[in-house]
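*Asks:* Data: entry.cif, mmCIF, C-alpha atoms and all ligand atoms.
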data_query
loop_
_atom_site.group_PDB
_atom_site.id
_atom_site.type_symbol
_atom_site.label_atom_id
_atom_site.label_comp_id
_atom_site.auth_asym_id
_atom_site.auth_seq_id
_atom_site.Cartn_x
_atom_site.Cartn_y
_atom_site.Cartn_z
ATOM 1 C CA MET A 16 -11.329 8.533 6.787
ATOM 2 C CA ASN A 17 -11.548 4.756 6.335
ATOM 3 C CA LYS A 18 -8.655 2.938 7.968
ATOM 4 C CA THR A 19 -9.081 -0.139 5.815
ATOM 5 C CA ILE A 20 -7.838 -0.183 2.233
ATOM 6 C CA VAL A 21 -9.356 -3.070 0.288
ATOM 7 C CA ALA A 22 -6.995 -4.691 -2.227
ATOM 8 C CA LEU A 23 -9.033 -5.159 -5.401
ATOM 9 C CA ASP A 24 -6.965 -8.117 -6.577
ATOM 10 C CA PHE A 25 -9.375 -9.160 -9.312
ATOM 11 C CA SER A 26 -8.718 -9.872 -12.976
ATOM 12 C CA THR A 27 -11.887 -8.447 -14.537
ATOM 13 C CA ARG A 28 -13.805 -5.166 -14.454
ATOM 14 C CA GLU A 29 -17.010 -7.150 -13.818
ATOM 15 C CA GLU A 30 -15.683 -8.663 -10.584
ATOM 16 C CA VAL A 31 -14.641 -5.205 -9.375
ATOM 17 C CA MET A 32 -18.009 -3.649 -10.146
ATOM 18 C CA GLU A 33 -19.861 -6.562 -8.529
ATOM 19 C CA PHE A 34 -17.730 -6.208 -5.385
ATOM 20 C CA LEU A 35 -18.160 -2.409 -5.178
ATOM 21 C CA LYS A 36 -21.932 -2.662 -5.659
ATOM 22 C CA GLY A 37 -22.117 -3.685 -2.002
ATOM 23 C CA PHE A 38 -20.799 -0.287 -0.838
ATOM 24 C CA GLN A 39 -23.112 2.726 -0.868
ATOM 25 C CA GLU A 40 -20.532 5.061 0.716
ATOM 26 C CA PRO A 41 -17.025 5.658 -0.683
ATOM 27 C CA ILE A 42 -14.352 3.326 0.648
ATOM 28 C CA TYR A 43 -10.552 3.214 0.204
ATOM 29 C CA VAL A 44 -9.440 0.671 -2.389
ATOM 30 C CA LYS A 45 -6.094 -0.481 -3.715
ATOM 31 C CA ILE A 46 -5.619 -1.124 -7.419
ATOM 32 C CA GLY A 47 -2.538 -3.193 -8.038
ATOM 33 C CA MET A 48 -0.793 -4.950 -10.853
ATOM 34 C CA GLU A 49 -3.239 -7.858 -11.277
ATOM 35 C CA LEU A 50 -6.147 -5.525 -12.086
ATOM 36 C CA THR A 51 -4.108 -2.921 -13.966
ATOM 37 C CA TYR A 52 -2.457 -5.493 -16.210
ATOM 38 C CA ALA A 53 -5.875 -7.009 -16.958
ATOM 39 C CA CYS A 54 -7.933 -3.825 -17.492
ATOM 40 C CA GLY A 55 -5.404 -1.056 -18.093
ATOM 41 C CA LEU A 56 -5.481 2.255 -16.272
ATOM 42 C CA ASP A 57 -9.082 2.870 -17.430
ATOM 43 C CA ILE A 58 -10.126 0.871 -14.382
ATOM 44 C CA VAL A 59 -8.758 3.689 -12.203
ATOM 45 C CA LYS A 60 -11.108 6.172 -13.858
ATOM 46 C CA ASP A 61 -14.071 3.764 -13.534
ATOM 47 C CA VAL A 62 -13.509 3.206 -9.808
ATOM 48 C CA ARG A 63 -12.847 6.905 -9.225
ATOM 49 C CA ALA A 64 -16.129 7.756 -10.996
ATOM 50 C CA LEU A 65 -17.912 5.792 -8.254
ATOM 51 C CA GLY A 66 -16.365 8.144 -5.686
ATOM 52 C CA HIS A 67 -13.939 5.702 -4.053
ATOM 53 C CA HIS A 68 -10.480 6.713 -2.802
ATOM 54 C CA ILE A 69 -7.657 5.015 -4.655
ATOM 55 C CA PHE A 70 -4.233 3.754 -3.679
ATOM 56 C CA LEU A 71 -2.590 2.871 -6.994
ATOM 57 C CA ASP A 72 -0.113 0.175 -6.007
ATOM 58 C CA LEU A 73 2.245 -0.183 -8.977
ATOM 59 C CA LYS A 74 5.473 -0.208 -6.905
ATOM 60 C CA LEU A 75 7.746 1.688 -9.283
ATOM 61 C CA HIS A 76 11.437 0.731 -9.184
ATOM 62 C CA ASP A 77 13.718 1.947 -11.985
ATOM 63 C CA ILE A 78 16.341 4.601 -12.708
ATOM 64 C CA PRO A 79 15.441 8.074 -11.387
ATOM 65 C CA ASN A 80 14.607 9.606 -14.778
ATOM 66 C CA THR A 81 12.222 6.775 -15.696
ATOM 67 C CA VAL A 82 10.472 6.845 -12.312
ATOM 68 C CA LYS A 83 10.121 10.635 -12.577
ATOM 69 C CA GLY A 84 8.406 10.304 -15.983
ATOM 70 C CA GLY A 85 6.216 7.452 -14.784
ATOM 71 C CA MET A 86 5.105 9.339 -11.692
ATOM 72 C CA LYS A 87 4.378 12.476 -13.726
ATOM 73 C CA ASN A 88 1.859 10.475 -15.763
ATOM 74 C CA LEU A 89 0.399 8.667 -12.732
ATOM 75 C CA ALA A 90 -0.184 12.029 -11.010
ATOM 76 C CA LYS A 91 -2.495 13.015 -13.872
ATOM 77 C CA LEU A 92 -4.845 10.162 -12.881
ATOM 78 C CA ASP A 93 -5.683 12.134 -9.723
ATOM 79 C CA VAL A 94 -5.440 9.125 -7.399
ATOM 80 C CA ASP A 95 -4.910 9.533 -3.642
ATOM 81 C CA ILE A 96 -1.774 7.421 -3.108
ATOM 82 C CA VAL A 97 0.943 6.000 -5.381
ATOM 83 C CA ASN A 98 4.008 4.013 -4.404
ATOM 84 C CA LEU A 99 7.490 2.805 -5.254
ATOM 85 C CA HIS A 100 10.158 0.506 -3.840
ATOM 86 C CA CYS A 101 12.473 2.244 -1.339
ATOM 87 C CA ALA A 102 15.188 -0.141 -2.585
ATOM 88 C CA GLY A 103 15.499 2.156 -5.621
ATOM 89 C CA GLY A 104 17.340 4.625 -3.396
ATOM 90 C CA ILE A 105 17.048 8.250 -2.309
ATOM 91 C CA GLU A 106 17.805 9.802 -5.716
ATOM 92 C CA MET A 107 15.052 7.709 -7.307
ATOM 93 C CA MET A 108 12.567 8.638 -4.581
ATOM 94 C CA LYS A 109 13.368 12.368 -4.927
ATOM 95 C CA ALA A 110 12.842 12.071 -8.686
ATOM 96 C CA ALA A 111 9.466 10.415 -8.046
ATOM 97 C CA ILE A 112 8.321 13.389 -5.975
ATOM 98 C CA GLN A 113 9.498 15.807 -8.681
ATOM 99 C CA GLY A 114 7.528 13.856 -11.283
ATOM 100 C CA LEU A 115 4.408 13.845 -9.108
ATOM 101 C CA GLU A 116 4.690 17.590 -8.546
ATOM 102 C CA GLU A 117 5.042 18.225 -12.279
ATOM 103 C CA GLY A 118 1.991 16.090 -13.070
ATOM 104 C CA ALA A 119 -0.158 17.303 -10.163
ATOM 105 C CA VAL A 120 -3.803 18.077 -10.925
ATOM 106 C CA ASN A 121 -4.912 21.495 -9.595
ATOM 107 C CA GLY A 122 -1.618 21.812 -7.709
ATOM 108 C CA LYS A 123 -2.293 18.738 -5.525
ATOM 109 C CA ARG A 124 -0.082 15.692 -5.983
ATOM 110 C CA PRO A 125 -0.970 12.173 -4.786
ATOM 111 C CA LEU A 126 0.661 11.022 -1.567
ATOM 112 C CA CYS A 127 3.701 8.864 -2.282
ATOM 113 C CA ILE A 128 4.702 5.968 -0.042
ATOM 114 C CA GLY A 129 7.631 3.565 -0.288
ATOM 115 C CA VAL A 130 7.589 -0.200 0.094
ATOM 116 C CA THR A 131 10.244 -1.049 2.684
ATOM 117 C CA GLN A 132 10.459 -4.856 2.771
ATOM 118 C CA LEU A 133 7.504 -6.742 1.298
ATOM 119 C CA THR A 134 5.362 -8.364 3.978
ATOM 120 C CA SER A 135 5.969 -11.667 2.184
ATOM 121 C CA THR A 136 9.695 -11.407 2.995
ATOM 122 C CA SER A 137 10.981 -13.260 6.060
ATOM 123 C CA LYS A 138 14.247 -12.512 7.879
ATOM 124 C CA GLU A 139 15.750 -15.680 6.369
ATOM 125 C CA ALA A 140 14.829 -14.688 2.801
ATOM 126 C CA MET A 141 16.081 -11.130 3.347
ATOM 127 C CA ASN A 142 19.429 -12.382 4.719
ATOM 128 C CA GLU A 143 20.040 -15.344 2.440
ATOM 129 C CA GLU A 144 18.272 -14.561 -0.855
ATOM 130 C CA LEU A 145 18.413 -10.771 -0.949
ATOM 131 C CA GLY A 146 21.811 -10.597 0.738
ATOM 132 C CA ILE A 147 20.731 -7.994 3.292
ATOM 133 C CA PRO A 148 22.172 -8.917 6.723
ATOM 134 C CA GLY A 149 20.575 -8.233 10.098
ATOM 135 C CA GLU A 150 17.040 -7.848 11.346
ATOM 136 C CA VAL A 151 14.115 -6.942 9.078
ATOM 137 C CA LEU A 152 13.228 -4.133 11.495
ATOM 138 C CA ASP A 153 16.619 -2.440 11.037
ATOM 139 C CA CYS A 154 16.357 -2.567 7.251
ATOM 140 C CA VAL A 155 12.774 -1.295 7.314
ATOM 141 C CA ILE A 156 13.704 1.625 9.578
ATOM 142 C CA LYS A 157 16.685 2.512 7.370
ATOM 143 C CA TYR A 158 14.453 2.499 4.254
ATOM 144 C CA ALA A 159 11.775 4.534 6.056
ATOM 145 C CA LYS A 160 14.365 7.180 7.046
ATOM 146 C CA ASN A 161 15.582 7.303 3.437
ATOM 147 C CA ALA A 162 11.989 7.732 2.266
ATOM 148 C CA LYS A 163 11.458 10.590 4.684
ATOM 149 C CA GLU A 164 14.713 12.262 3.595
ATOM 150 C CA ALA A 165 13.564 12.034 -0.035
ATOM 151 C CA GLY A 166 10.272 13.775 0.777
ATOM 152 C CA LEU A 167 7.931 10.776 0.714
ATOM 153 C CA ASP A 168 4.766 10.846 2.819
ATOM 154 C CA GLY A 169 5.144 7.424 4.401
ATOM 155 C CA VAL A 170 5.905 3.774 3.851
ATOM 156 C CA VAL A 171 4.401 0.344 3.360
ATOM 157 C CA CYS A 172 5.609 -1.946 6.132
ATOM 158 C CA SER A 173 4.276 -4.727 8.330
ATOM 159 C CA VAL A 174 2.317 -4.003 11.493
ATOM 160 C CA HIS A 175 5.354 -5.182 13.481
ATOM 161 C CA GLU A 176 7.430 -2.207 12.315
ATOM 162 C CA ALA A 177 4.813 0.581 12.385
ATOM 163 C CA ARG A 178 5.412 1.763 15.945
ATOM 164 C CA ALA A 179 9.200 2.006 15.487
ATOM 165 C CA ILE A 180 8.723 3.876 12.198
ATOM 166 C CA HIS A 181 6.505 6.465 13.858
ATOM 167 C CA GLU A 182 9.136 6.856 16.588
ATOM 168 C CA ALA A 183 11.923 7.273 14.039
ATOM 169 C CA CYS A 184 10.117 9.357 11.395
ATOM 170 C CA GLY A 185 7.332 11.112 13.281
ATOM 171 C CA LYS A 186 3.679 10.362 13.914
ATOM 172 C CA ASP A 187 2.549 12.119 10.720
ATOM 173 C CA PHE A 188 4.692 9.840 8.550
ATOM 174 C CA LEU A 189 2.178 7.339 7.177
ATOM 175 C CA THR A 190 2.404 3.638 7.914
ATOM 176 C CA VAL A 191 0.332 1.533 5.522
ATOM 177 C CA THR A 192 0.334 -2.108 6.521
ATOM 178 C CA PRO A 193 -0.604 -5.158 4.426
ATOM 179 C CA GLY A 194 -0.148 -8.714 5.732
ATOM 180 C CA ILE A 195 -3.393 -8.479 7.684
ATOM 181 C CA ARG A 196 -4.933 -11.783 8.721
ATOM 182 C CA LEU A 197 -8.035 -12.357 10.810
ATOM 183 C CA SER A 198 -6.392 -15.150 12.784
ATOM 184 C CA ASP A 199 -2.774 -15.661 13.821
ATOM 185 C CA ASP A 200 -2.490 -19.168 12.393
ATOM 186 C CA SER A 201 -3.056 -18.445 8.700
ATOM 187 C CA LYS A 202 -0.430 -19.904 6.385
ATOM 188 C CA ASP A 203 0.107 -18.449 2.922
ATOM 189 C CA ASP A 204 2.591 -16.255 1.057
ATOM 190 C CA GLN A 205 2.481 -13.485 3.679
ATOM 191 C CA LYS A 206 5.206 -13.869 6.327
ATOM 192 C CA ARG A 207 5.036 -10.771 8.559
ATOM 193 C CA VAL A 208 1.337 -10.893 9.426
ATOM 194 C CA ALA A 209 -0.891 -9.420 12.131
ATOM 195 C CA THR A 210 -4.555 -9.045 13.050
ATOM 196 C CA PRO A 211 -6.520 -5.773 12.665
ATOM 197 C CA ALA A 212 -6.677 -5.530 16.478
ATOM 198 C CA PHE A 213 -2.874 -5.610 16.735
ATOM 199 C CA ALA A 214 -2.597 -3.072 13.882
ATOM 200 C CA LYS A 215 -4.782 -0.716 15.876
ATOM 201 C CA GLU A 216 -2.659 -1.256 19.000
ATOM 202 C CA GLU A 217 0.516 -0.474 17.062
ATOM 203 C CA GLY A 218 -0.927 2.765 15.633
ATOM 204 C CA CYS A 219 -0.936 1.827 11.936
ATOM 205 C CA ASP A 220 -2.494 4.589 9.814
ATOM 206 C CA HIS A 221 -4.075 2.243 7.274
ATOM 207 C CA ILE A 222 -4.306 -1.508 6.949
ATOM 208 C CA VAL A 223 -4.436 -3.158 3.509
ATOM 209 C CA VAL A 224 -6.714 -6.169 3.348
ATOM 210 C CA GLY A 225 -7.204 -8.329 0.279
ATOM 211 C CA ARG A 226 -8.190 -11.972 0.417
ATOM 212 C CA SER A 227 -9.582 -11.885 3.974
ATOM 213 C CA ILE A 228 -12.294 -9.601 2.594
ATOM 214 C CA THR A 229 -12.628 -10.447 -1.091
ATOM 215 C CA LYS A 230 -12.686 -14.216 -0.527
ATOM 216 C CA SER A 231 -14.923 -14.172 2.531
ATOM 217 C CA ALA A 232 -18.478 -15.509 2.403
ATOM 218 C CA ASN A 233 -19.819 -11.980 3.007
ATOM 219 C CA PRO A 234 -17.156 -9.496 1.878
ATOM 220 C CA GLN A 235 -19.079 -6.359 2.763
ATOM 221 C CA GLN A 236 -19.860 -7.578 6.302
ATOM 222 C CA THR A 237 -16.228 -8.613 6.798
ATOM 223 C CA TYR A 238 -15.118 -5.145 5.666
ATOM 224 C CA PHE A 239 -17.461 -3.408 8.135
ATOM 225 C CA ASP A 240 -16.407 -5.768 10.947
ATOM 226 C CA ILE A 241 -12.746 -4.898 10.308
ATOM 227 C CA GLU A 242 -13.507 -1.148 10.173
ATOM 228 C CA GLU A 243 -15.280 -1.510 13.525
ATOM 229 C CA MET A 244 -12.201 -3.271 15.001
ATOM 230 C CA MET A 245 -9.990 -0.364 13.840
ATOM 231 C CA LYS A 246 -12.143 2.371 15.496
HETATM 232 O O1 LIG A 301 4.624 -5.433 1.325
HETATM 233 C C1 LIG A 301 3.559 -5.534 0.693
HETATM 234 C C2 LIG A 301 3.165 -4.623 -0.267
HETATM 235 C C3 LIG A 301 1.966 -4.788 -0.899
HETATM 236 N N1 LIG A 301 1.152 -5.819 -0.609
HETATM 237 C C4 LIG A 301 -0.153 -5.909 -1.300
HETATM 238 O O2 LIG A 301 -1.224 -5.898 -0.360
HETATM 239 C C5 LIG A 301 -2.223 -6.828 -0.722
HETATM 240 C C6 LIG A 301 -2.377 -7.846 0.381
HETATM 241 O O3 LIG A 301 -3.317 -8.814 -0.005
HETATM 242 P P1 LIG A 301 -3.759 -10.035 0.957
HETATM 243 O O4 LIG A 301 -4.679 -10.841 0.105
HETATM 244 O O5 LIG A 301 -4.458 -9.393 2.143
HETATM 245 O O6 LIG A 301 -2.518 -10.765 1.345
HETATM 246 C C7 LIG A 301 -1.831 -7.424 -2.067
HETATM 247 O O7 LIG A 301 -2.485 -6.692 -3.076
HETATM 248 C C8 LIG A 301 -0.327 -7.172 -2.134
HETATM 249 O O8 LIG A 301 0.097 -6.933 -3.468
HETATM 250 C C9 LIG A 301 1.540 -6.724 0.317
HETATM 251 O O9 LIG A 301 0.828 -7.708 0.594
HETATM 252 N N2 LIG A 301 2.731 -6.557 0.961
#
Could the structure of this file be written out as structure tokens, please?
Ligand SMILES: O=c1ccn([C@@H]2O[C@H](COP(=O)(O)O)[C@@H](O)[C@H]2O)c(=O)[nH]1
*Replies:*
Amino acid sequence: MNKTIVALDFSTREEVMEFLKGFQEPIYVKIGMELTYACGLDIVKDVRALGHHIFLDLKLHDIPNTVKGGMKNLAKLDVDIVNLHCAGGIEMMKAAIQGLEEGAVNGKRPLCIGVTQLTSTSKEAMNEELGIPGEVLDCVIKYAKNAKEAGLDGVVCSVHEARAIHEACGKDFLTVTPGIRLSDDSKDDQKRVATPAFAKEEGCDHIVVGRSITKSANPQQTYFDIEEMMK
């Protein structure tokens, strides 16, 4: 199974198809809000038809009944992974799993993972803007434990929290880590960043990589280089 999940943060179907043309074998891709809001959920079917694995990153966060209904419909798309915000609470996460089970295709529901704290959130922003005191790690672990209690399959976190999450929630509890940068000195919206090599060291199950691949001079080569680093 590919360790790298490529974030298809494009705004047109043409850009997606052009990018995927470079891959003869199935890869793991992430379809998020930029692409979904531009192309609708038809893009999921188009990418699936090419044989790629899909993490549908729509980060649901609403009252339990609404999330349950939303997840029931997402399950029918037969994607591999869906997600939600752990901040919605345990009741909401349990409802999500119920919805996924009700919508499951051939009795198999997508994996469901919870976003703990966005990798663009710093300690300062979490404390001062979001009003959550303490260390990011403590909040992330608390949310991961809640996710596990609710029956989720894993969480989205930064590389820096993956090891502690596996210790707290078990090695089979998935850690999916965005905020991947090829050098330590990159400065953009991501705050809790790490290299693929460090992700491997910390035992992350999957890394999510967007711009470092899609905006590189040779995206396919960059993808294969990163996959090699994760082996
Ligand atoms: O905490 C999170 C949750 C999701 N993401 C998503 O991952 C990619 C990262 O893209 P880069 O270009 O590699 O920064 C993007 O689609 C985010 O929506 C995240 O970054 N952090």
*Asks:* Can you work out the spacing between atom CA of Leu71 of chain A and atom CA of Val170 of chain A in Å, to one decimal?
*Replies:*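 Result for atom CA of Leu71 of chain A versus atom CA of Val170 of chain A: 13.8 Å, one decimal.
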*Asks:* Produce as number ranges by chain the set of residues near ligand LIG 301 (chain A), where near means within 10 Å with all atoms listed in the file considered.
*Replies:* A: 20-25, 45-50, 72-74, 98-100, 129-136, 170-173, 191-197, 203-208, 222-230
*Asks:* Which one is closest to Asn88 of chain A: A:Leu115, A:His68, A:Pro211, A:Ala110? Count all atoms listed in the file.
*Replies:*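 Comparing A:Leu115, A:His68, A:Pro211, A:Ala110 against Asn88 of chain A, the winner is A:Leu115.
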*Asks:* Enumerate, as a VMD selection string, the residues matched when the PyMOL selection byres (((chain A and resi 218) around 10) and not hetatm) is run on the file above.
*Replies:* chain A and resid 174 177 to 178 181 186 190 213 to 217 219 to 221 245
*Asks:* Counting all atoms listed in the file, which residue out of A:Ala119, A:Leu189, A:Met141, A:Ala232 sits closest to Lys87 of chain A?
*Replies:* A:Ala119
*Asks:* Considering all atoms listed in the file, can you say which of A:Glu143, A:Asp168, A:Glu117, A:Asp95 comes closest to Phe188 of chain A?
*Replies:*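 Selected residue with least distance to Phe188 of chain A: A:Asp168.
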*Asks:* Step by step: start from the point (-0.7, 12.7, -11.9) in the file's coordinates, keep every protein, DNA or RNA residue that has an atom no farther than 9 Å from it, count only C-alpha atoms, and write the set as a list of chain:residue names.
*Replies:* A:Met86, A:Lys87, A:Asn88, A:Leu89, A:Ala90, A:Lys91, A:Leu92, A:Asp93, A:Val94, A:Gly114, A:Leu115, A:Glu116, A:Glu117, A:Gly118, A:Ala119, A:Val120, A:Lys123, A:Arg124, A:Pro125
*Asks:* For C-alpha atoms, I'd like the residues from the last selection saved as an mmCIF file, keeping the file's coordinate frame.
*Replies:*
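Listed below is the output, again.cif:
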data_model
loop_
_atom_site.group_PDB
_atom_site.id
_atom_site.type_symbol
_atom_site.label_atom_id
_atom_site.label_comp_id
_atom_site.auth_asym_id
_atom_site.auth_seq_id
_atom_site.Cartn_x
_atom_site.Cartn_y
_atom_site.Cartn_z
ATOM 1 C CA MET A 86 5.105 9.339 -11.692
ATOM 2 C CA LYS A 87 4.378 12.476 -13.726
ATOM 3 C CA ASN A 88 1.859 10.475 -15.763
ATOM 4 C CA LEU A 89 0.399 8.667 -12.732
ATOM 5 C CA ALA A 90 -0.184 12.029 -11.010
ATOM 6 C CA LYS A 91 -2.495 13.015 -13.872
ATOM 7 C CA LEU A 92 -4.845 10.162 -12.881
ATOM 8 C CA ASP A 93 -5.683 12.134 -9.723
ATOM 9 C CA VAL A 94 -5.440 9.125 -7.399
ATOM 10 C CA GLY A 114 7.528 13.856 -11.283
ATOM 11 C CA LEU A 115 4.408 13.845 -9.108
ATOM 12 C CA GLU A 116 4.690 17.590 -8.546
ATOM 13 C CA GLU A 117 5.042 18.225 -12.279
ATOM 14 C CA GLY A 118 1.991 16.090 -13.070
ATOM 15 C CA ALA A 119 -0.158 17.303 -10.163
ATOM 16 C CA VAL A 120 -3.803 18.077 -10.925
ATOM 17 C CA LYS A 123 -2.293 18.738 -5.525
ATOM 18 C CA ARG A 124 -0.082 15.692 -5.983
ATOM 19 C CA PRO A 125 -0.970 12.173 -4.786
#
*Asks:* Looking at only C-alpha atoms, which of A:Leu167, A:Val82, A:Val62, A:Leu75 is the one that sits closest to Glu33 of chain A?
*Replies:*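 Of all the options, A:Val62 lies closest to Glu33 of chain A.
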*Asks:* For atom CA of Ile42 of chain A and atom CA of Ala212 of chain A, quote the distance in Å rounded to one decimal.
*Replies:*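 Separating atom CA of Ile42 of chain A from atom CA of Ala212 of chain A is a distance of 19.7 Å.
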*Asks:* What is the atom CA of Leu145 of chain A-atom CA of Asp77 of chain A distance in Å, reported with one decimal?
*Replies:*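 Atom CA of Leu145 of chain A sits 17.5 Å away from atom CA of Asp77 of chain A.
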*Asks:* Considering all atoms listed in the file, can you say which of A:Ala179, A:Val44, A:His76, A:Ala111 comes closest to Thr19 of chain A?
*Replies:*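 Nearest candidate to Thr19 of chain A out of A:Ala179, A:Val44, A:His76, A:Ala111: A:Val44.
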*Asks:* Can you list, as a PyMOL selection string, the residues that the PyMOL selection byres (((chain A and resi 183) around 12) and not hetatm) selects here?
*Replies:* chain A and resi 152-153+155-164+169+176-182+184-190
*Asks:* Give the answer as one residue: which of A:His67, A:Lys138, A:Lys36, A:Lys109 has the shortest atom-to-atom distance to Lys83 of chain A, using all atoms listed in the file?
*Replies:*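 Selected residue with least distance to Lys83 of chain A: A:Lys109.
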*Asks:* Using all atoms listed in the file, find all polymer residues with an atom at most 6 Å away from the point (-17.5, 6.0, -3.9); report them as a count of residues only.
*Replies:* 5
